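Printed here is query_1.cif (mmCIF, C-alpha atoms):
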```cif
data_start
loop_
_atom_site.group_PDB
_atom_site.id
_atom_site.type_symbol
_atom_site.label_atom_id
_atom_site.label_comp_id
_atom_site.auth_asym_id
_atom_site.auth_seq_id
_atom_site.Cartn_x
_atom_site.Cartn_y
_atom_site.Cartn_z
ATOM 1 C CA MET A 1044 -18.635 -27.250 -10.463
ATOM 2 C CA ILE A 1045 -16.043 -24.603 -9.645
ATOM 3 C CA GLU A 1046 -15.104 -24.432 -5.966
ATOM 4 C CA LEU A 1047 -14.820 -20.935 -4.550
ATOM 5 C CA ALA A 1048 -11.598 -20.003 -2.810
ATOM 6 C CA LYS A 1049 -11.660 -20.633 0.919
ATOM 7 C CA THR A 1050 -11.825 -17.532 3.100
ATOM 8 C CA VAL A 1051 -9.455 -17.091 6.035
ATOM 9 C CA LEU A 1052 -9.877 -14.430 8.719
ATOM 10 C CA VAL A 1053 -6.423 -13.549 10.092
ATOM 11 C CA VAL A 1054 -6.467 -11.956 13.552
ATOM 12 C CA GLU A 1055 -3.078 -10.755 14.741
ATOM 13 C CA ASP A 1056 -2.175 -7.620 16.699
ATOM 14 C CA ASP A 1057 1.385 -7.410 15.341
ATOM 15 C CA ARG A 1058 0.975 -5.667 11.974
ATOM 16 C CA ASP A 1059 4.157 -7.144 10.471
ATOM 17 C CA VAL A 1060 3.239 -10.698 11.454
ATOM 18 C CA ARG A 1061 -0.330 -10.168 10.186
ATOM 19 C CA GLU A 1062 0.908 -8.833 6.838
ATOM 20 C CA ILE A 1063 3.205 -11.823 6.356
ATOM 21 C CA ALA A 1064 0.370 -14.263 7.120
ATOM 22 C CA VAL A 1065 -1.978 -12.425 4.759
ATOM 23 C CA THR A 1066 0.623 -12.445 1.970
ATOM 24 C CA VAL A 1067 1.366 -16.156 2.408
ATOM 25 C CA LEU A 1068 -2.316 -17.081 2.351
ATOM 26 C CA GLU A 1069 -3.211 -14.823 -0.579
ATOM 27 C CA THR A 1070 -0.291 -16.284 -2.544
ATOM 28 C CA GLU A 1071 -1.811 -19.721 -1.937
ATOM 29 C CA GLY A 1072 -5.108 -18.542 -3.421
ATOM 30 C CA TYR A 1073 -7.120 -17.983 -0.242
ATOM 31 C CA ARG A 1074 -9.433 -15.020 0.123
ATOM 32 C CA VAL A 1075 -8.119 -13.242 3.218
ATOM 33 C CA LEU A 1076 -9.770 -10.886 5.668
ATOM 34 C CA GLU A 1077 -7.827 -9.344 8.519
ATOM 35 C CA ALA A 1078 -8.349 -7.833 11.933
ATOM 36 C CA ALA A 1079 -5.915 -6.382 14.454
ATOM 37 C CA ASN A 1080 -7.684 -7.777 17.526
ATOM 38 C CA ALA A 1081 -10.546 -9.959 18.705
ATOM 39 C CA GLU A 1082 -13.052 -7.135 19.063
ATOM 40 C CA GLU A 1083 -12.430 -5.973 15.479
ATOM 41 C CA ALA A 1084 -12.834 -9.537 14.209
ATOM 42 C CA LEU A 1085 -16.133 -10.006 16.056
ATOM 43 C CA ARG A 1086 -17.458 -6.689 14.730
ATOM 44 C CA LEU A 1087 -16.628 -7.840 11.204
ATOM 45 C CA LEU A 1088 -18.412 -11.175 11.673
ATOM 46 C CA ALA A 1089 -21.466 -9.589 13.320
ATOM 47 C CA ALA A 1090 -21.790 -6.869 10.695
ATOM 48 C CA ARG A 1091 -21.540 -9.308 7.780
ATOM 49 C CA PRO A 1092 -23.621 -12.408 8.602
ATOM 50 C CA GLU A 1093 -23.691 -13.373 4.913
ATOM 51 C CA LEU A 1094 -19.894 -13.465 4.737
ATOM 52 C CA ARG A 1095 -18.539 -16.992 4.454
ATOM 53 C CA VAL A 1096 -15.447 -17.493 6.610
ATOM 54 C CA ASP A 1097 -13.961 -20.971 6.413
ATOM 55 C CA VAL A 1098 -10.999 -20.580 8.764
ATOM 56 C CA LEU A 1099 -10.207 -18.305 11.683
ATOM 57 C CA PHE A 1100 -6.434 -17.974 12.066
ATOM 58 C CA THR A 1101 -5.871 -16.161 15.337
ATOM 59 C CA ASP A 1102 -3.055 -15.252 17.647
ATOM 60 C CA VAL A 1103 -3.729 -16.491 21.175
ATOM 61 C CA VAL A 1104 -2.240 -13.546 23.080
ATOM 62 C CA MET A 1105 -3.657 -10.156 22.055
ATOM 63 C CA PRO A 1106 -4.423 -6.894 23.811
ATOM 64 C CA GLY A 1107 -8.021 -6.271 24.780
ATOM 65 C CA ARG A 1108 -10.590 -8.103 26.812
ATOM 66 C CA LEU A 1109 -10.582 -11.228 24.623
ATOM 67 C CA ASP A 1110 -7.683 -13.491 23.765
ATOM 68 C CA GLY A 1111 -7.652 -15.726 20.694
ATOM 69 C CA ILE A 1112 -9.257 -18.644 22.511
ATOM 70 C CA ASP A 1113 -12.124 -16.428 23.696
ATOM 71 C CA LEU A 1114 -12.392 -15.022 20.174
ATOM 72 C CA ALA A 1115 -12.741 -18.491 18.657
ATOM 73 C CA SER A 1116 -15.513 -19.400 21.113
ATOM 74 C CA GLU A 1117 -17.402 -16.170 20.383
ATOM 75 C CA ALA A 1118 -16.813 -16.299 16.626
ATOM 76 C CA ARG A 1119 -18.132 -19.849 16.380
ATOM 77 C CA ARG A 1120 -21.457 -18.572 17.695
ATOM 78 C CA PHE A 1121 -21.742 -16.621 14.427
ATOM 79 C CA ARG A 1122 -20.128 -19.324 12.323
ATOM 80 C CA PRO A 1123 -20.441 -22.723 14.091
ATOM 81 C CA HIS A 1124 -18.731 -24.598 11.247
ATOM 82 C CA MET A 1125 -15.768 -22.239 10.992
ATOM 83 C CA LEU A 1126 -12.427 -23.995 11.453
ATOM 84 C CA VAL A 1127 -9.884 -22.522 13.867
ATOM 85 C CA LEU A 1128 -6.099 -22.421 13.789
ATOM 86 C CA TYR A 1129 -4.307 -20.724 16.679
ATOM 87 C CA ALA A 1130 -0.812 -19.208 16.662
ATOM 88 C CA THR A 1131 1.268 -18.471 19.729
ATOM 89 C CA GLY A 1132 4.786 -18.053 20.943
ATOM 90 C CA PHE A 1133 3.634 -18.753 24.497
ATOM 91 C CA ALA A 1134 2.915 -22.485 24.687
ATOM 92 C CA ASN A 1135 2.397 -22.342 28.439
ATOM 93 C CA LEU A 1136 -0.549 -19.946 28.011
ATOM 94 C CA VAL A 1137 -2.325 -22.375 25.706
ATOM 95 C CA ARG A 1138 -1.826 -25.192 28.195
ATOM 96 C CA GLU A 1139 -3.546 -23.142 30.920
ATOM 97 C CA HIS A 1140 -6.784 -23.563 28.962
ATOM 98 C CA ASP A 1141 -8.818 -26.726 29.103
ATOM 99 C CA ASP A 1142 -8.471 -28.672 25.835
ATOM 100 C CA ASN A 1143 -12.268 -28.458 25.508
ATOM 101 C CA GLU A 1144 -11.850 -24.691 25.064
ATOM 102 C CA LEU A 1145 -9.591 -25.118 22.042
ATOM 103 C CA HIS A 1146 -11.409 -25.353 18.742
ATOM 104 C CA GLY A 1147 -8.411 -26.326 16.651
ATOM 105 C CA PRO A 1148 -4.676 -26.948 16.456
ATOM 106 C CA VAL A 1149 -1.946 -24.564 17.606
ATOM 107 C CA LEU A 1150 0.828 -23.320 15.316
ATOM 108 C CA ARG A 1151 3.930 -22.338 17.276
ATOM 109 C CA LYS A 1152 5.539 -18.955 16.618
ATOM 110 C CA PRO A 1153 7.765 -18.149 14.984
ATOM 111 C CA TYR A 1154 6.418 -20.209 12.115
ATOM 112 C CA ARG A 1155 7.717 -20.423 8.567
ATOM 113 C CA PRO A 1156 5.461 -19.635 5.590
ATOM 114 C CA GLY A 1157 5.442 -23.316 4.627
ATOM 115 C CA GLU A 1158 4.304 -24.284 8.118
ATOM 116 C CA LEU A 1159 1.359 -21.881 7.881
ATOM 117 C CA ARG A 1160 0.428 -23.186 4.428
ATOM 118 C CA SER A 1161 0.581 -26.794 5.641
ATOM 119 C CA ALA A 1162 -1.365 -26.112 8.837
ATOM 120 C CA ILE A 1163 -4.224 -24.397 6.969
ATOM 121 C CA LEU A 1164 -4.315 -27.078 4.271
ATOM 122 C CA ASP A 1165 -4.267 -29.896 6.849
ATOM 123 C CA LEU A 1166 -7.110 -28.245 8.752
ATOM 124 C CA ILE A 1167 -9.260 -27.846 5.644
ATOM 125 C CA ASP A 1168 -8.455 -31.377 4.439
ATOM 126 C CA GLU A 1169 -9.592 -32.828 7.786
ATOM 127 C CA VAL A 1170 -13.190 -31.795 7.135
ATOM 128 C CA ASN A 1171 -13.306 -32.544 3.386
#
```
Show how you would write the structure in this file as structure tokens.
Amino acid sequence: MIELAKTVLVVEDDRDVREIAVTVLETEGYRVLEAANAEEALRLLAARPELRVDVLFTDVVMPGRLDGIDLASEARRFRPHMLVLYATGFANLVREHDDNELHGPVLRKPYRPGELRSAILDLIDEVN
């Protein structure tokens, strides 16, 4: 049986950072969707309930009413089995949240392409 490529939804408000993440993940063979903020990501998930998304890779700090932690909580209502990887350059903001609010590991910015590849692979391997 041929396994379909895993799908990663990248949510990052900085276009340059988002494009780098998308390029790294596509190069690794992932199917990649992207959104510039939490609201855009939720609209995508709500509008396409049939769309399989294996991993949500989201920045923690973004403009708008929802941060990445709120996004992950909301998105998992649509996709309860979706894995989550957070990225942030503000470690103290992640620590302000209760660990029960976090749905996955945190990748510290700035990260190298290899660190992103490893973090996604480790996350997927944990559940397989």
Name the residues captured by the PyMOL selection byres ((chain A and resi 1154) around 12) when it is applied to the shown file; answer as a list in words.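 Evaluating the PyMOL selection byres ((chain A and resi 1154) around 12) on these coordinates yields Val1060, Ile1063, Ala1064, Val1067, Tyr1129, Ala1130, Thr1131, Gly1132, Val1149, Leu1150, Arg1151, Lys1152, Pro1153, Arg1155, Pro1156, Gly1157, Glu1158, Leu1159, Arg1160, Ser1161 and Ala1162 of chain A.
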For the structure shown, which residues end up in the PyMOL selection byres ((chain A and resi 1102) around 8)? Put them as an NGL selection string, please? :A and (1054-1056 or 1100-1101 or 1103-1105 or 1110-1111 or 1129-1131)
Which distance in Å separates atom CA of A:Ala1081 and atom CA of A:His1146, to one decimal?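 Rounded to one decimal, the two atoms are 15.4 Å apart.
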Report the distance between atom CA of A:Asp1168 and atom CA of A:Val1098 in Å, rounded to one decimal place.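 Interatomic distance, atom CA of A:Asp1168 to atom CA of A:Val1098: 11.9 Å.
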Any idea what's packed within 12 Å of A:Glu1082, counting all atoms listed in the file, ignoring anything in its chain fewer than 4 positions away? Could you give it as a PDB file with C-alpha atoms, in the coordinates of the input?
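What ended up in out-v2.pdb:
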```pdb
ATOM      1  CA  VAL A1054      -6.467 -11.956  13.552  1.00  0.00           C
ATOM      2  CA  GLU A1055      -3.078 -10.755  14.741  1.00  0.00           C
ATOM      3  CA  ASP A1056      -2.175  -7.620  16.699  1.00  0.00           C
ATOM      4  CA  GLU A1077      -7.827  -9.344   8.519  1.00  0.00           C
ATOM      5  CA  ALA A1078      -8.349  -7.833  11.933  1.00  0.00           C
ATOM      6  CA  ARG A1086     -17.458  -6.689  14.730  1.00  0.00           C
ATOM      7  CA  LEU A1087     -16.628  -7.840  11.204  1.00  0.00           C
ATOM      8  CA  LEU A1088     -18.412 -11.175  11.673  1.00  0.00           C
ATOM      9  CA  ALA A1089     -21.466  -9.589  13.320  1.00  0.00           C
ATOM     10  CA  MET A1105      -3.657 -10.156  22.055  1.00  0.00           C
ATOM     11  CA  PRO A1106      -4.423  -6.894  23.811  1.00  0.00           C
ATOM     12  CA  GLY A1107      -8.021  -6.271  24.780  1.00  0.00           C
ATOM     13  CA  ARG A1108     -10.590  -8.103  26.812  1.00  0.00           C
ATOM     14  CA  LEU A1109     -10.582 -11.228  24.623  1.00  0.00           C
ATOM     15  CA  ASP A1110      -7.683 -13.491  23.765  1.00  0.00           C
ATOM     16  CA  GLY A1111      -7.652 -15.726  20.694  1.00  0.00           C
ATOM     17  CA  ASP A1113     -12.124 -16.428  23.696  1.00  0.00           C
ATOM     18  CA  LEU A1114     -12.392 -15.022  20.174  1.00  0.00           C
ATOM     19  CA  ALA A1115     -12.741 -18.491  18.657  1.00  0.00           C
ATOM     20  CA  GLU A1117     -17.402 -16.170  20.383  1.00  0.00           C
ATOM     21  CA  ALA A1118     -16.813 -16.299  16.626  1.00  0.00           C
TER      22      ALA A1118
END
```
For the atom pair atom CA of A:Val1053 and atom CA of A:Leu1076, what is the interatomic distance in Å to one decimal place?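 It comes out at 6.2 Å.
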What's around A:Pro1148 at 8 Å? Count only C-alpha atoms, leave out sequence neighbours fewer than 3 positions away in its own chain, and write the answer as number ranges by chain. A: 1127-1129, 1145
Expanded to explicit residues, what is the PyMOL selection byres ((chain A and resi 1070-1072) around 10) for this file, as a list in words?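 On the file shown, the PyMOL selection byres ((chain A and resi 1070-1072) around 10) covers Ala1048, Lys1049, Thr1050, Ala1064, Val1065, Thr1066, Val1067, Leu1068, Glu1069, Tyr1073, Arg1074, Val1075, Arg1160 and Leu1164 of chain A.
With only C-alpha atoms as the atoms that count, the residue of A:Pro1123, A:Ser1116, A:Ala1084, A:Leu1099 with the shortest distance to A:Ile1163 is A:Leu1099.
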